[in-house]
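A.B. asks: Right, I'll just put the structure down here and ask away after.
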Amino acid sequence: MSGHTGEHADPAVAFESAKLGVWTFLATEVLLFGALFTAYTVFRMKYPEMFRAEHAKLDRVLGAVNTVVLITSSLMVVLGVDAIKRGKARLLEACFGGTILLAAVFLCVKYVEYSAKFHHGIFPRTNLFFSIYFMLTGLHGIHVLLGMGLLSYVIVLSRRGRLSADYFTPAEMSGLYWHFVDLVWIYLFPLLYLIG
Amino acid sequence: MAHGTGHSRSTGIAVFVALVLLTAVTVLVSYVDLGLMNAVVALLIASVKASLVALFFMHLKGESRLVWGFALVPIAFLALIIFGTLADTMLR
Amino acid sequence: MPGDERPEAGGNGRGYLGERGWRSWAFTLDHKRIGAMYLWTTTVFFLVGGVFALLLRLELLSPQARYFSNHTYNIFFTLHGAMMIFLFIIPAIPSGLGNFFIPLHIGARDVAFPRLNLASYWVFAAGFLVIIGSLVAPMDTGWTFYTPYSAKSAAAVTTLSLGIFLIGMSSILTGLNFIVTIHKLRAPGMTWHRLPLFIWGMYATSIIQVIATPVVGVTFLLLAAERVFGVGFFDPAKGGDPVLFQHFFWFYSHPVVYVMILPAMGIVSEVIPVFSRKPIFGYNAIAYSSLAIAFIGFLVWGHHMFTSAMSPLANAIFSFLTFFVAVPTAVKVFNWIATLYRGSITFESPMLYALTFIFLFIVGGLTGPFLGALATNVQLHDTYFVVAHFHYTMMGGTVMGFFAGLHYWFPKMTGRMLNERAARIAWALIFVGFNVTFFTMFVVGTRGMPRRYAEYLPKFQVENVISTIGSAVLAAGILVMCWNFLQGLRKGDPAPANPWRALSLEWRTASPPDTENFHEVPVVTDWPYGYGTPKA
């Protein structure tokens, strides 16, 4: 038996390995965003008035809308993974499709926000608050985009009949990644939009 | 391995409702001036939301100690880099 | 009985090397081939980085900048450092020897994610191609790329930042793969306390890679953003803080020195018992000290920044914590020495390098506390004392460990034996050359010669000339070693499955192993250090 393809003899081991792999990857993401959170903390402590004044320029309502959009997209992922665990591939595809749609809405809202800022002459270089705002939300936005690609790939796998109640690892693992993306925003939103 | 009972779906929806409600709460509180407590409350609510996502959406509840270790250890290092840096920048 | 079984052999006797054609390498999923590709690649960068070092030593023959301009000299030490660190010493043992031997050591057929493993190599390749591309406008910042200079330099900093980001991503993927592999793919009966100590070292290394590397990735992203978007995290004119760059940079770059040393220590822990015919002394202590070194290594990054005007509290805390990392390190040294004591010692080339490691690493390690103590650090920071310290630990340590591993595992990887006489001649040249080159640096460093300057005060010339002579001897030794490897590859004697009569699982496979490593997954009943008994 060739060891090339990396398929472990025992599917349970393969699933657990994949899960550990994704959690390890999420650990790297915690530290990736972590450095930016550190910069945020350092500069907030250093320039409290500037942060208070500048954060008011962010639209709390749009931020809240985006928060709810992401939370809903996470729910769609939960429902999608639940569906494939019951063997319902079409339902999985519909749910993940919904997630991607909501992710697109998220990015559209961010586009609206960004262009409004640019229109008012506010750029990443304008001041440290907006440097942090654009870097943090920009990095997060890239992760949203990558997540959309990942979820699309899962839909493709499902349409090819590769997923079932016995094998749903790609769906579950992509779901873990997506929830993490949601989780980061759960912190970004109050840190950038709400705390004065 | 298939444990797709209706249980996880209803749990998921319940958590979703809680998350949306908490979002509303945190937004409303942000309009009230509580001084320093604004930051504390906002981060506390965010942490509750994050815990719900991690425990239920990401299935941490019911996972092995190993997976819990993988989830929590990075957070310890995050605290390390933040407080280690602040030990310098805030006390110069 | 270990060593008794007929070694597993198959195919045309060439094992995993049998299949030919560039596609069988470029698209391989075999951890052994991926490891071999990393070994070749990192060795090339070692030699190129070494050439830059020789150019530096050439310039330092004279107190004035005679052969190169100051600017060119600065480029050379930047390239020497950056290449050696990012393109050689970080990936060489983990992604090279680690990839090859971790699955074999734990009785697995491959790593947990073979396709990710292949991806890690090609991401690495993309990274070094981008870094080479940045040489159109080479950096002269030193490998530490401190702001504000790196943010304003006319060099291709943004391109280089992207290259290093990719190299870091490769490192992360490798570490991730190893962590899951070690947790999940151990053979039946291979409990954690029956693992070879190389695996404990690699596990601790992988944790550091996964936690620390993302921080440096973001650091270079922010540096690029500073240049491209004008963000001002590190720019005082915009309210930023250049020392923040140093915090982020060293949060990774200090733990990464343990990425460099832990695998080498793992190799030493493998080699010493084999060539002493004695069980390793203090298995648990060595295993846990690897984890302790990894953990404590995260707590001390500020000791690179004592003269950067950090707060007094930060200075004191980082200095205090720095002394603790010596403890688990010393634990290892004592256990190795205790292993040697009353052993039946022979001096084949792997053992020569392992013993050299212990000696040179002790020297390098003992010079650490001088730098960790605040008062002496002020005197010694940015002098040649620091240069000597890290060359004794990184080259006297990691590179000697790497050479030990290469000589130890050469028969297994290639199916051929090296010429021992040539190996010993090379070792002697390397040992003498290394010490002559670098010990003089301790001397001039304490007398105040600063690092990263093409010019120096004439009173330092004698030592510098001696050092340069040493570097020529060192280079000669390395060339002899490389020649020996090439000759061995072409016409070395066929290697038996277990030329060193060692007990870890890789020696139960053929030399070279089959693609699938083991015909049947082994069942493990004992630890791999039962030397000195009638069985071994």
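Here's how to read the names in the structure tokens: chain A, B, ... by the order shown, residue numbers from 1 in each chain, ligand numbers from 1 in the order shown.
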Tell me, as a VMD selection string, which residues lie within 8 Å of range 40-52 of chain B, counting only C-alpha atoms; anything in the same chain fewer than 2 positions away does not count.
C.D. replies: (chain A and resid 183 186 to 187 190 to 191 194 to 195) or (chain B and resid 15 19 22 26 30 36 to 38 54 to 57)
A.B. asks: Just write the chosen residues, C-alpha atoms, as a PDB file, in the first residue's frame.
C.D. replies:
ATOM      1  CA  LEU A 183     -14.293  35.532  16.186  1.00  0.00           C
ATOM      2  CA  ILE A 186     -16.105  40.027  17.349  1.00  0.00           C
ATOM      3  CA  TYR A 187     -13.086  41.679  18.954  1.00  0.00           C
ATOM      4  CA  PRO A 190     -15.739  46.942  19.854  1.00  0.00           C
ATOM      5  CA  LEU A 191     -12.017  47.755  19.815  1.00  0.00           C
ATOM      6  CA  LEU A 194     -17.197  51.199  20.193  1.00  0.00           C
ATOM      7  CA  ILE A 195     -14.500  51.950  22.735  1.00  0.00           C
TER       8      ILE A 195
ATOM      9  CA  VAL B  15     -26.321  30.627  20.242  1.00  0.00           C
ATOM     10  CA  LEU B  19     -24.850  36.530  19.774  1.00  0.00           C
ATOM     11  CA  LEU B  22     -25.236  40.600  22.832  1.00  0.00           C
ATOM     12  CA  THR B  26     -22.817  46.176  23.334  1.00  0.00           C
ATOM     13  CA  SER B  30     -21.485  52.213  23.786  1.00  0.00           C
ATOM     14  CA  LEU B  36     -13.233  53.564  31.617  1.00  0.00           C
ATOM     15  CA  MET B  37     -15.969  51.000  32.128  1.00  0.00           C
ATOM     16  CA  ASN B  38     -16.996  51.317  28.488  1.00  0.00           C
ATOM     17  CA  ALA B  54     -15.635  28.818  20.316  1.00  0.00           C
ATOM     18  CA  LEU B  55     -17.600  26.510  22.581  1.00  0.00           C
ATOM     19  CA  PHE B  56     -20.564  25.852  20.365  1.00  0.00           C
ATOM     20  CA  PHE B  57     -19.852  26.798  16.762  1.00  0.00           C
TER      21      PHE B  57
END
A.B. asks: Enumerate as a ChimeraX atom specification all residues of chain A assigned to alpha helix (DSSP H) by DSSP on the backbone, naming them with the chain letters and numbers the document uses.
C.D. replies: /A:11-46,48-55,60-85,89-119,128-159,169-189
A.B. asks: Find the residues near Arg60 in chain A: any atom within 7 Å, counting only C-alpha atoms, skip ones fewer than 3 places away on the same chain, and give them as a short mmCIF file (atom, residue, chain, number, x, y, z; two decimals) with all heavy atoms, in the first residue's frame.
C.D. replies:
data_model
loop_
_atom_site.label_atom_id
_atom_site.label_comp_id
_atom_site.auth_asym_id
_atom_site.auth_seq_id
_atom_site.Cartn_x
_atom_site.Cartn_y
_atom_site.Cartn_z
N GLY A 63 -20.78 49.09 11.33
CA GLY A 63 -20.00 48.07 12.02
C GLY A 63 -20.88 47.01 12.65
O GLY A 63 -20.58 45.81 12.58
N ALA A 64 -21.98 47.46 13.26
CA ALA A 64 -22.89 46.51 13.89
C ALA A 64 -23.56 45.62 12.84
O ALA A 64 -23.71 44.40 13.04
CB ALA A 64 -23.96 47.26 14.69
N TYR A 193 -14.68 50.33 16.84
CA TYR A 193 -15.88 51.14 16.64
C TYR A 193 -16.49 51.66 17.94
O TYR A 193 -17.14 52.70 17.95
CB TYR A 193 -16.96 50.33 15.93
CG TYR A 193 -16.69 50.02 14.49
CD1 TYR A 193 -15.82 49.01 14.11
CD2 TYR A 193 -17.34 50.74 13.47
CE1 TYR A 193 -15.58 48.71 12.78
CE2 TYR A 193 -17.11 50.45 12.14
CZ TYR A 193 -16.23 49.43 11.80
OH TYR A 193 -16.02 49.14 10.48
N LEU A 194 -16.38 50.91 19.02
CA LEU A 194 -17.20 51.20 20.19
C LEU A 194 -16.46 51.86 21.35
O LEU A 194 -17.04 52.65 22.07
CB LEU A 194 -17.85 49.90 20.71
CG LEU A 194 -18.78 49.17 19.74
CD1 LEU A 194 -19.43 48.00 20.45
CD2 LEU A 194 -19.84 50.12 19.19
#
A.B. asks: List the spatial neighbours of Arg452 in chain C as a list in words - criterion: any atom at most 8 Å away, only C-alpha atoms, same-chain residues fewer than 5 positions off excluded.
C.D. replies: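 The residues that qualify are Asn74, Phe77 and Gly142 of chain C.
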A.B. asks: Would you compute the distance between CA of Pro411 in chain C and CA of Trp507 in chain C? Give it in Å to one decimal.
C.D. replies: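 Straight-line distance from CA of Pro411 in chain C to CA of Trp507 in chain C works out to 10.0 Å.
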A.B. asks: Specify as a VMD selection string all residues of chain B found within 12 Å of chain C, counting only C-alpha atoms.
C.D. replies: chain B and resid 66 to 67 70 73 to 92
A.B. asks: I'd like to know which of A:Ala116, A:Leu31, A:Met135, A:Val81 is closest to Ser164 in chain A, using only C-alpha atoms.
C.D. replies: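 Among A:Ala116, A:Leu31, A:Met135, A:Val81, it is A:Val81 that comes nearest to Ser164 in chain A.
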A.B. asks: If we count only C-alpha atoms, what is near Asn117 in chain C at a cut-off of 8 Å, once residues fewer than 5 positions away on the same chain are taken out, given as a list in words?
C.D. replies: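 Residues near the query, excluding close chain neighbours: Leu29, His31, Ile34, Val111, Leu173, Thr174 and Asn177 of chain C.
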A.B. asks: Could you tell me how far CA of Gly196 in chain A lies from CA of Arg52 in chain A, in Å and to one decimal?
C.D. replies: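 CA of Arg52 in chain A lies 4.5 Å from CA of Gly196 in chain A.
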A.B. asks: When the cut-off is 10 Å and we count only C-alpha atoms, which residues of chain A are near chain C, given as a PyMOL selection string?
C.D. replies: chain A and resi 1-8+13-14+16-36+38-40+42-43+46-47+123-132+134-135+139
A.B. asks: My list of candidates is A:Cys108, A:Ala103, A:Leu157, A:Leu151. Which is closest to Ala89 in chain A when distances are computed with only C-alpha atoms?
C.D. replies: A:Leu157
A.B. asks: Name the residues in contact with range 387-392 of chain C at a cut-off of 12 Å, using only C-alpha atoms, excluding same-chain residues fewer than 5 positions from it; report them as a PyMOL selection string.
C.D. replies: chain C and resi 53+77+81+84-85+89+254+257+260-261+356-372+380-382+397-400+431+434-446+449-452+467
A.B. asks: Limited to C-alpha atoms, could you put the picked residues into a file as a short mmCIF file (atom, residue, chain, number, x, y, z; two decimals), in the first residue's frame?
C.D. replies:
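Okay, result-v5.cif is ready:
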data_model
loop_
_atom_site.label_atom_id
_atom_site.label_comp_id
_atom_site.auth_asym_id
_atom_site.auth_seq_id
_atom_site.Cartn_x
_atom_site.Cartn_y
_atom_site.Cartn_z
CA ALA C 53 31.53 35.79 5.29
CA PHE C 77 27.09 41.51 6.28
CA GLY C 81 23.29 37.26 8.14
CA MET C 84 22.45 32.20 6.93
CA ILE C 85 19.53 32.76 9.26
CA ILE C 89 20.03 27.66 9.72
CA HIS C 254 14.80 35.31 20.11
CA VAL C 257 17.45 30.77 18.11
CA MET C 260 18.00 26.62 15.59
CA ILE C 261 19.50 24.86 18.60
CA THR C 356 32.50 19.40 19.28
CA PHE C 357 28.95 20.66 19.68
CA ILE C 358 29.06 20.14 23.42
CA PHE C 359 32.38 21.89 23.84
CA LEU C 360 31.71 24.87 21.57
CA PHE C 361 28.14 25.29 22.75
CA ILE C 362 29.33 25.47 26.35
CA VAL C 363 31.66 28.30 25.37
CA GLY C 364 28.93 30.08 23.48
CA GLY C 365 26.39 29.49 26.21
CA LEU C 366 28.65 30.70 29.01
CA THR C 367 29.20 33.97 27.17
CA GLY C 368 25.45 34.52 27.14
CA PRO C 369 25.09 35.69 30.76
CA PHE C 370 27.65 38.44 30.14
CA LEU C 371 25.20 39.79 27.61
CA GLY C 372 22.17 39.09 29.75
CA LEU C 380 29.35 44.61 25.07
CA HIS C 381 26.26 45.34 22.98
CA ASP C 382 26.99 45.71 19.26
CA GLY C 397 26.32 24.62 18.20
CA THR C 398 23.73 24.21 15.50
CA VAL C 399 26.03 23.81 12.51
CA MET C 400 28.20 21.24 14.29
CA PHE C 431 37.50 22.68 14.50
CA PHE C 434 36.38 27.82 13.71
CA ASN C 435 38.08 28.52 17.02
CA VAL C 436 40.81 30.67 15.49
CA THR C 437 38.22 32.66 13.57
CA PHE C 438 35.84 33.32 16.41
CA PHE C 439 37.74 33.25 19.66
CA THR C 440 39.66 36.35 18.65
CA MET C 441 36.33 38.11 18.36
CA PHE C 442 35.67 37.68 22.10
CA VAL C 443 38.98 39.44 22.71
CA VAL C 444 38.49 42.42 20.44
CA GLY C 445 34.88 42.67 21.47
CA THR C 446 35.69 43.16 25.13
CA MET C 449 35.64 46.78 18.59
CA PRO C 450 32.15 47.45 17.27
CA ARG C 451 30.39 45.10 14.84
CA ARG C 452 29.06 45.99 11.40
CA SER C 467 40.68 35.64 12.57
#
A.B. asks: So how many Å separate CA of Gly201 in chain C and CA of Gly127 in chain C, to one decimal?
C.D. replies: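 Straight-line distance from CA of Gly201 in chain C to CA of Gly127 in chain C works out to 25.9 Å.
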